[in-house]
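Source file: upload_15.tsv; contents: TSV, C-alpha atoms and all ligand atoms.
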chain	number	residue	atom	x	y	z
F	1	MET	CA	-76.61	-105.18	-0.59
F	2	ALA	CA	-77.73	-101.85	-2.05
F	3	ASP	CA	-76.16	-100.40	-5.18
F	4	ALA	CA	-75.49	-96.68	-5.63
F	5	GLY	CA	-77.19	-97.01	-9.02
F	6	ALA	CA	-80.44	-97.06	-7.04
F	7	VAL	CA	-79.95	-93.34	-6.45
F	8	ARG	CA	-81.65	-92.21	-9.64
F	9	GLY	CA	-84.97	-90.41	-10.05
F	10	LEU	CA	-87.13	-88.98	-7.30
F	11	TYR	CA	-85.47	-89.02	-3.88
F	12	ALA	CA	-88.30	-88.18	-1.45
F	13	ILE	CA	-87.58	-87.10	2.13
F	14	THR	CA	-90.06	-87.24	5.01
F	15	ASP	CA	-90.76	-84.34	7.37
F	16	ALA	CA	-92.65	-84.90	10.63
F	17	THR	CA	-94.20	-81.43	10.46
F	18	LEU	CA	-96.02	-81.99	7.16
F	19	GLN	CA	-98.60	-84.54	8.30
F	20	PRO	CA	-100.06	-85.89	11.55
F	21	ALA	CA	-97.78	-88.57	13.04
F	22	ASP	CA	-100.29	-91.31	12.36
F	23	ALA	CA	-100.36	-90.38	8.65
F	24	LEU	CA	-96.62	-90.65	7.98
F	25	LEU	CA	-96.61	-94.20	6.63
F	26	GLU	CA	-99.74	-93.72	4.58
F	27	ARG	CA	-98.33	-90.51	3.06
F	28	ALA	CA	-94.98	-92.18	2.38
F	29	GLU	CA	-96.73	-95.08	0.69
F	30	ALA	CA	-98.55	-92.64	-1.60
F	31	VAL	CA	-95.20	-91.14	-2.58
F	32	LEU	CA	-93.76	-94.61	-3.27
F	33	ARG	CA	-96.83	-95.45	-5.35
F	34	GLY	CA	-96.15	-92.26	-7.28
F	35	GLY	CA	-92.72	-93.63	-8.15
F	36	ALA	CA	-90.12	-92.40	-5.66
F	37	ALA	CA	-86.92	-94.40	-6.18
F	38	VAL	CA	-85.43	-93.40	-2.83
F	39	LEU	CA	-87.07	-92.51	0.48
F	40	GLN	CA	-85.18	-90.82	3.32
F	41	TYR	CA	-86.45	-90.80	6.90
F	42	ARG	CA	-85.61	-87.31	8.23
F	43	ASP	CA	-86.88	-86.72	11.74
F	44	LYS	CA	-85.14	-84.30	14.07
F	45	SER	CA	-86.89	-85.43	17.26
F	46	GLN	CA	-85.31	-87.32	20.15
F	47	ASP	CA	-88.21	-89.76	20.51
F	48	THR	CA	-86.23	-92.98	20.06
F	49	PRO	CA	-89.13	-95.48	20.31
F	50	ARG	CA	-91.20	-93.56	17.75
F	51	ARG	CA	-88.18	-93.08	15.49
F	52	ARG	CA	-87.43	-96.81	15.58
F	53	ARG	CA	-91.04	-97.70	14.87
F	54	GLU	CA	-91.35	-95.25	11.98
F	55	ALA	CA	-88.01	-96.16	10.43
F	56	ALA	CA	-88.85	-99.88	10.58
F	57	GLY	CA	-92.25	-99.21	8.99
F	58	LEU	CA	-90.76	-97.10	6.22
F	59	LEU	CA	-88.04	-99.67	5.54
F	60	ALA	CA	-90.70	-102.39	5.12
F	61	LEU	CA	-92.66	-100.15	2.73
F	62	CYS	CA	-89.53	-99.42	0.69
F	63	ARG	CA	-88.86	-103.16	0.40
F	64	ASP	CA	-92.43	-103.68	-0.89
F	65	TYR	CA	-91.98	-100.96	-3.53
F	66	GLY	CA	-88.38	-101.75	-4.47
F	67	ALA	CA	-87.19	-98.33	-3.29
F	68	LEU	CA	-83.96	-97.53	-1.47
F	69	PHE	CA	-84.49	-96.58	2.20
F	70	VAL	CA	-82.13	-94.01	3.72
F	71	VAL	CA	-81.85	-92.91	7.37
F	72	ASN	CA	-80.85	-89.28	7.84
F	73	ASP	CA	-78.22	-88.30	10.44
F	74	ASP	CA	-78.44	-91.30	12.74
F	75	VAL	CA	-76.03	-94.21	12.25
F	76	ASP	CA	-77.35	-95.99	15.36
F	77	LEU	CA	-80.90	-95.91	14.03
F	78	ALA	CA	-79.72	-97.19	10.65
F	79	LEU	CA	-77.97	-100.06	12.43
F	80	TYR	CA	-80.98	-100.77	14.63
F	81	VAL	CA	-83.43	-101.18	11.73
F	82	GLY	CA	-80.93	-102.60	9.25
F	83	ALA	CA	-81.23	-99.72	6.79
F	84	PRO	CA	-79.41	-100.17	3.48
F	85	ALA	CA	-78.29	-96.50	3.43
F	86	VAL	CA	-77.59	-93.45	5.59
F	87	HIS	CA	-77.18	-89.75	4.78
F	88	LEU	CA	-74.57	-87.69	6.63
F	89	GLY	CA	-73.98	-83.93	6.69
F	90	ARG	CA	-71.25	-81.87	8.27
F	91	ASP	CA	-72.86	-81.97	11.74
F	92	ASP	CA	-73.34	-85.74	11.65
F	93	ALA	CA	-70.97	-88.68	12.11
F	94	GLY	CA	-67.95	-88.68	9.80
F	95	LEU	CA	-67.92	-90.95	6.77
F	96	ARG	CA	-64.95	-93.03	7.93
F	97	GLN	CA	-66.34	-93.44	11.44
F	98	ALA	CA	-69.73	-94.50	10.04
F	99	ARG	CA	-68.05	-97.08	7.78
F	100	THR	CA	-66.41	-98.71	10.79
F	101	VAL	CA	-69.78	-99.45	12.44
F	102	LEU	CA	-72.17	-100.03	9.54
F	103	PRO	CA	-72.37	-103.41	7.78
F	104	SER	CA	-70.27	-103.53	4.64
F	105	GLY	CA	-72.37	-102.67	1.63
F	106	THR	CA	-74.35	-99.98	3.44
F	107	LEU	CA	-74.56	-96.96	1.17
F	108	ILE	CA	-73.42	-93.67	2.67
F	109	GLY	CA	-74.54	-90.45	1.01
F	110	VAL	CA	-73.13	-87.09	2.01
F	111	SER	CA	-74.03	-83.41	1.86
F	112	CYS	CA	-71.61	-81.29	-0.14
F	113	TYR	CA	-73.66	-78.03	0.06
F	114	ASN	CA	-72.07	-75.88	-2.67
F	115	SER	CA	-68.52	-77.15	-2.32
F	116	LEU	CA	-66.69	-79.19	-4.94
F	117	ALA	CA	-63.69	-79.25	-2.59
F	118	ARG	CA	-65.79	-81.00	0.06
F	119	ALA	CA	-67.16	-83.35	-2.60
F	120	ASP	CA	-63.63	-84.18	-3.80
F	121	THR	CA	-62.63	-85.15	-0.26
F	122	LEU	CA	-65.74	-87.20	0.43
F	123	ALA	CA	-65.76	-88.89	-2.98
F	124	ALA	CA	-62.15	-89.93	-2.44
F	125	ALA	CA	-63.07	-91.19	1.04
F	126	GLY	CA	-65.70	-93.50	-0.46
F	127	ALA	CA	-69.01	-91.65	-0.33
F	128	ASP	CA	-71.62	-93.47	-2.40
F	129	TYR	CA	-73.51	-90.39	-3.57
F	130	LEU	CA	-72.97	-86.64	-3.35
F	131	ALA	CA	-75.77	-84.20	-2.57
F	132	PHE	CA	-75.62	-80.49	-3.44
F	133	GLY	CA	-78.01	-77.75	-2.43
F	134	ARG	CA	-80.06	-75.84	-1.98
F	135	ALA	CA	-80.89	-75.67	-5.66
F	136	TYR	CA	-83.82	-73.23	-5.08
F	137	PRO	CA	-85.05	-71.31	-2.00
F	138	SER	CA	-86.18	-73.97	0.44
F	139	PRO	CA	-89.25	-73.65	2.68
F	140	THR	CA	-87.87	-76.46	4.84
F	141	LYS	CA	-84.32	-75.11	5.24
F	142	PRO	CA	-84.31	-71.40	4.34
F	143	ASP	CA	-80.74	-70.88	5.53
F	144	ALA	CA	-79.22	-73.65	3.42
F	145	PRO	CA	-76.46	-72.24	1.17
F	146	PRO	CA	-77.37	-71.89	-2.52
F	147	VAL	CA	-75.54	-73.94	-5.13
F	148	SER	CA	-75.08	-72.60	-8.65
F	149	ARG	CA	-76.06	-74.42	-11.82
F	150	ASP	CA	-72.38	-74.28	-12.83
F	151	THR	CA	-71.37	-76.14	-9.68
F	152	LEU	CA	-74.06	-78.76	-10.24
F	153	ALA	CA	-72.97	-79.23	-13.85
F	154	ALA	CA	-69.32	-79.48	-12.79
F	155	ALA	CA	-70.24	-82.11	-10.20
F	156	VAL	CA	-72.14	-84.16	-12.77
F	157	ALA	CA	-69.11	-84.10	-15.07
F	158	ARG	CA	-66.59	-84.83	-12.34
F	159	TYR	CA	-67.82	-87.73	-10.20
F	160	ARG	CA	-68.58	-91.34	-10.95
F	161	GLN	CA	-70.92	-91.31	-7.92
F	162	PRO	CA	-74.55	-90.21	-8.37
F	163	VAL	CA	-75.08	-86.46	-7.91
F	164	VAL	CA	-78.24	-85.42	-6.06
F	165	ALA	CA	-79.75	-81.91	-6.08
F	166	ILE	CA	-81.81	-80.76	-3.09
F	167	GLY	CA	-83.67	-77.67	-1.94
F	168	GLY	CA	-86.92	-76.07	-3.04
F	169	ILE	CA	-87.47	-78.56	-5.85
F	170	THR	CA	-91.04	-79.00	-7.11
F	171	PRO	CA	-92.70	-80.67	-10.11
F	172	GLU	CA	-92.75	-77.20	-11.72
F	173	ASN	CA	-89.06	-76.32	-11.37
F	174	ALA	CA	-87.21	-79.66	-11.46
F	175	GLN	CA	-86.71	-80.04	-15.23
F	176	PRO	CA	-83.68	-77.69	-15.55
F	177	LEU	CA	-81.87	-79.70	-12.87
F	178	VAL	CA	-82.68	-82.98	-14.58
F	179	SER	CA	-81.42	-81.45	-17.85
F	180	LEU	CA	-78.13	-80.59	-16.15
F	181	GLY	CA	-77.73	-84.31	-15.58
F	182	VAL	CA	-78.30	-84.69	-11.85
F	183	ASP	CA	-79.01	-88.32	-11.06
F	184	ALA	CA	-81.73	-87.60	-8.52
F	185	VAL	CA	-83.82	-84.74	-7.19
F	186	ALA	CA	-84.29	-84.78	-3.41
F	187	VAL	CA	-87.59	-83.25	-2.37
F	188	ILE	CA	-89.41	-82.64	0.92
F	189	SER	CA	-92.15	-79.99	0.67
F	190	GLY	CA	-92.56	-80.28	-3.10
F	191	VAL	CA	-93.93	-83.75	-2.48
F	192	PHE	CA	-95.07	-84.05	1.13
F	193	ALA	CA	-96.77	-80.62	1.29
F	194	ALA	CA	-98.45	-81.04	-2.11
F	195	ALA	CA	-102.22	-81.33	-2.37
F	196	SER	CA	-101.61	-84.81	-3.80
F	197	PRO	CA	-98.25	-86.23	-2.72
F	198	GLU	CA	-98.78	-89.21	-5.04
F	199	ARG	CA	-99.38	-86.99	-8.06
F	200	ALA	CA	-96.45	-84.70	-7.22
F	201	ALA	CA	-94.22	-87.75	-6.85
F	202	ALA	CA	-95.45	-89.17	-10.16
F	203	ARG	CA	-94.71	-85.89	-11.98
F	204	LEU	CA	-91.19	-85.76	-10.56
F	205	ALA	CA	-90.51	-89.45	-11.18
F	206	ALA	CA	-91.71	-89.07	-14.80
F	207	LEU	CA	-88.85	-86.64	-15.48
F	208	TYR	CA	-86.54	-89.66	-15.34
F	209	HIS	CA	-88.58	-92.00	-17.56
V	1	LIG	C1	-80.25	-86.07	-0.03
V	1	LIG	C2	-79.92	-85.11	1.07
V	1	LIG	N1	-79.10	-84.08	0.82
V	1	LIG	C3	-78.79	-83.19	1.78
V	1	LIG	C4	-79.31	-83.35	3.05
V	1	LIG	C5	-78.94	-82.39	4.15
V	1	LIG	O1	-78.16	-83.04	5.15
V	1	LIG	P1	-77.57	-82.15	6.37
V	1	LIG	O2	-76.72	-81.10	5.79
V	1	LIG	O3	-76.97	-83.07	7.36
V	1	LIG	O4	-78.85	-81.46	6.98
V	1	LIG	P2	-80.13	-82.17	7.66
V	1	LIG	O5	-80.97	-82.74	6.56
V	1	LIG	O6	-79.64	-83.24	8.57
V	1	LIG	O7	-80.82	-81.06	8.35
V	1	LIG	C6	-80.17	-84.43	3.27
V	1	LIG	N2	-80.73	-84.66	4.48
V	1	LIG	N3	-80.46	-85.30	2.28
V	2	LIG	C1	-82.31	-80.79	4.03
V	2	LIG	C2	-81.99	-79.73	3.07
V	2	LIG	N1	-80.70	-79.45	2.72
V	2	LIG	C3	-80.61	-78.45	1.84
V	2	LIG	S1	-82.13	-77.82	1.42
V	2	LIG	C4	-82.91	-78.95	2.44
V	2	LIG	C5	-84.39	-79.00	2.61
V	2	LIG	C6	-85.12	-79.52	1.41
V	2	LIG	O1	-86.50	-79.39	1.63
V	2	LIG	P1	-87.46	-78.76	0.53
V	2	LIG	O2	-87.56	-79.77	-0.57
V	2	LIG	O3	-88.77	-78.59	1.26
V	2	LIG	O4	-86.88	-77.45	0.10
V	3	MG	MG	-77.80	-84.18	8.83
Show me the file's structure as structure tokens.
Amino acid sequence: MADAGAVRGLYAITDATLQPADALLERAEAVLRGGAAVLQYRDKSQDTPRRRREAAGLLALCRDYGALFVVNDDVDLALYVGAPAVHLGRDDAGLRQARTVLPSGTLIGVSCYNSLARADTLAAAGADYLAFGRAYPSPTKPDAPPVSRDTLAAAVARYRQPVVAIGGITPENAQPLVSLGVDAVAVISGVFAAASPERAAARLAALYH
């Protein structure tokens, strides 16, 4: 059974557009070698056989490296591969509904965007971690709503659950967020589009050592 305490440090998120399909696992392994504590599989395609294959491969890698594996959006895929965690946003399954189908002990993280009111509701409903963002302009999701430093700091002070910052985070700009006290920095392009994903991951992970 996973523990929410695992959500601390670099939270890396895959993106199918940032490498050839046959390089996903190799690239993810480099990021785990660099020190990612959490790895989320985020794939917006409808290719169920490929999604199952990739998620199962990433889960096995995460087990080897002692990292927490998270499936984005898709409760059925999480169930299929036996993922220890899922991440749900406002367009995904509801937290309570997901709890009814996932094995007990599965961690459920949620997107709170820039809303402490949404975080209050979801924290009270049993979310295991709370993600806020975008922290900086995001190449991956340019229309994501910005979250202020004040909101992030308020979230850190307010919740017993880990607080995750996401959006536009790189090795160069992550330190102020870590100094605010966020438990994890969630990063797509800052790691997977870097010249050396392993090195970028190591620099981000080192901010928590
Ligand atoms: C750690 C983390 N935080 C936020 C998100 C965004 O989730 P969502 O709002 O459902 O958007 P998509 O990522 O599904 O496009 C996330 N995936 N991970
Ligand atoms: C999924 C998501 N939610 C808010 S910003 C974002 C994308 C993060 O990607 P990047 O690290 O490349 O900005
Ligand atoms: Mg989603």
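Considering the residues F:Ala28, F:Ala174, F:Ala117, F:Ala85 and counting all atoms listed in the file, ligand LIG 2 (chain V) has its shortest atom-to-atom contact with F:Ala174.
Counting from CA of Thr170 (chain F), the distance to CA of Ala186 (chain F) is 9.6 Å.
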With a cut-off of 8 Å, could you pull out the residues of chain F touching ligand LIG 2 (chain V) and give me the nearest pair of atoms for each, distance in Å to one decimal, using all atoms listed in the file, ordered by chain and ascending number, as a Markdown table?
| residue | atom | partner | partner_atom | distance |
| --- | --- | --- | --- | --- |
| F:Ile13 | CA | V:LIG2 | O1 | 7.8 |
| F:Ser111 | CA | V:LIG2 | N1 | 7.8 |
| F:Tyr113 | CA | V:LIG2 | C3 | 7.2 |
| F:Phe132 | CA | V:LIG2 | C3 | 7.5 |
| F:Gly133 | CA | V:LIG2 | C3 | 5.0 |
| F:Arg134 | CA | V:LIG2 | S1 | 4.4 |
| F:Ala135 | CA | V:LIG2 | S1 | 7.5 |
| F:Tyr136 | CA | V:LIG2 | O4 | 7.3 |
| F:Pro137 | CA | V:LIG2 | O4 | 6.7 |
| F:Ser138 | CA | V:LIG2 | O4 | 3.6 |
| F:Pro139 | CA | V:LIG2 | O3 | 5.2 |
| F:Thr140 | CA | V:LIG2 | O3 | 4.3 |
| F:Lys141 | CA | V:LIG2 | C5 | 4.7 |
| F:Pro142 | CA | V:LIG2 | S1 | 7.4 |
| F:Ala144 | CA | V:LIG2 | C3 | 5.2 |
| F:Pro145 | CA | V:LIG2 | C3 | 7.5 |
| F:Ile166 | CA | V:LIG2 | S1 | 5.4 |
| F:Gly167 | CA | V:LIG2 | S1 | 3.7 |
| F:Gly168 | CA | V:LIG2 | O4 | 3.4 |
| F:Ile169 | CA | V:LIG2 | O2 | 5.4 |
| F:Thr170 | CA | V:LIG2 | O2 | 7.4 |
| F:Ala186 | CA | V:LIG2 | O2 | 6.6 |
| F:Val187 | CA | V:LIG2 | O2 | 3.9 |
| F:Ile188 | CA | V:LIG2 | O2 | 3.7 |
| F:Ser189 | CA | V:LIG2 | O3 | 3.7 |
| F:Gly190 | CA | V:LIG2 | O2 | 5.6 |
| F:Val191 | CA | V:LIG2 | O2 | 7.8 |
> What residues have any atom no more than 8 Å from ligand LIG 1 (chain V) when counting all atoms listed in the file, and can you list them as JSON, numbers by chain?
Replying inline: {"F": [11, 13, 40, 42, 44, 72, 73, 87, 88, 89, 90, 91, 92, 109, 110, 111, 112, 113, 130, 131, 132, 133, 141, 164, 165, 166, 186]}
Saved selection, atoms kept: C-alpha atoms, as a PDB file, in the coordinates of the input:
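Final output, saved to again-v3.pdb:
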ATOM      1  CA  TYR F  11     -85.470 -89.020  -3.880  1.00  0.00           C
ATOM      2  CA  ILE F  13     -87.580 -87.100   2.130  1.00  0.00           C
ATOM      3  CA  GLN F  40     -85.180 -90.820   3.320  1.00  0.00           C
ATOM      4  CA  ARG F  42     -85.610 -87.310   8.230  1.00  0.00           C
ATOM      5  CA  LYS F  44     -85.140 -84.300  14.070  1.00  0.00           C
ATOM      6  CA  ASN F  72     -80.850 -89.280   7.840  1.00  0.00           C
ATOM      7  CA  ASP F  73     -78.220 -88.300  10.440  1.00  0.00           C
ATOM      8  CA  HIS F  87     -77.180 -89.750   4.780  1.00  0.00           C
ATOM      9  CA  LEU F  88     -74.570 -87.690   6.630  1.00  0.00           C
ATOM     10  CA  GLY F  89     -73.980 -83.930   6.690  1.00  0.00           C
ATOM     11  CA  ARG F  90     -71.250 -81.870   8.270  1.00  0.00           C
ATOM     12  CA  ASP F  91     -72.860 -81.970  11.740  1.00  0.00           C
ATOM     13  CA  ASP F  92     -73.340 -85.740  11.650  1.00  0.00           C
ATOM     14  CA  GLY F 109     -74.540 -90.450   1.010  1.00  0.00           C
ATOM     15  CA  VAL F 110     -73.130 -87.090   2.010  1.00  0.00           C
ATOM     16  CA  SER F 111     -74.030 -83.410   1.860  1.00  0.00           C
ATOM     17  CA  CYS F 112     -71.610 -81.290  -0.140  1.00  0.00           C
ATOM     18  CA  TYR F 113     -73.660 -78.030   0.060  1.00  0.00           C
ATOM     19  CA  LEU F 130     -72.970 -86.640  -3.350  1.00  0.00           C
ATOM     20  CA  ALA F 131     -75.770 -84.200  -2.570  1.00  0.00           C
ATOM     21  CA  PHE F 132     -75.620 -80.490  -3.440  1.00  0.00           C
ATOM     22  CA  GLY F 133     -78.010 -77.750  -2.430  1.00  0.00           C
ATOM     23  CA  LYS F 141     -84.320 -75.110   5.240  1.00  0.00           C
ATOM     24  CA  VAL F 164     -78.240 -85.420  -6.060  1.00  0.00           C
ATOM     25  CA  ALA F 165     -79.750 -81.910  -6.080  1.00  0.00           C
ATOM     26  CA  ILE F 166     -81.810 -80.760  -3.090  1.00  0.00           C
ATOM     27  CA  ALA F 186     -84.290 -84.780  -3.410  1.00  0.00           C
TER      28      ALA F 186
END
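Minimum atom-to-atom distance to His209 (chain F), evaluated using only C-alpha atoms, belongs to F:Gly35 out of F:Ala30, F:Gly35, F:Ser45, F:Ala2.
Distances here use all atoms listed in the file; by that measure, the residue among F:Gln175, F:Thr100, F:Ser115, F:Ser196 closest to Leu10 (chain F) is F:Gln175.
The two atoms in question, CA of Val38 (chain F) and CA of Pro84 (chain F), are spaced 11.0 Å apart.
Nearest residue to Val178 (chain F), choosing from F:Ala127, F:Val81, F:Ala153, F:Glu198 and counting all atoms listed in the file: F:Ala153.
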Near Ala56 (chain F), within 9 Å and counting only C-alpha atoms, which residues show up once chain neighbours fewer than 6 positions away are dropped, as a tab-separated table (two decimals) with C-alpha atoms, in the coordinates of the input?
chain	number	residue	atom	x	y	z
F	80	TYR	CA	-80.98	-100.77	14.63
F	81	VAL	CA	-83.43	-101.18	11.73
F	82	GLY	CA	-80.93	-102.60	9.25
F	83	ALA	CA	-81.23	-99.72	6.79
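Each of F:Ala55, F:Ala78, F:Val147, F:Ala206 was compared to Leu116 (chain F) using all atoms listed in the file, and F:Val147 turns out to be the nearest.
Rounded to one decimal, CA of Tyr159 (chain F) and CA of Ala119 (chain F) lie 8.8 Å from each other.
Look at Ala21 (chain F): the protein and nucleic acid residues within 12 Å of it, using all atoms listed in the file and passing over chain neighbours fewer than 6 places away, are Thr14, Asp15, Arg27, Ala28, Asp43, Arg50, Arg51, Arg53 and Glu54 of chain F.
Using all atoms listed in the file, the shortest contact distance between Gly9 (chain F) and any of F:Ala201, F:Val70, F:Leu122, F:Ala184 is found at F:Ala184.
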I'd like the contact shell of Ala4 (chain F) - 8 Å cut-off, all atoms listed in the file, skipping same-chain residues fewer than 2 positions apart - returned as a ChimeraX atom specification. /F:2,6-7,107,128-129,161-162
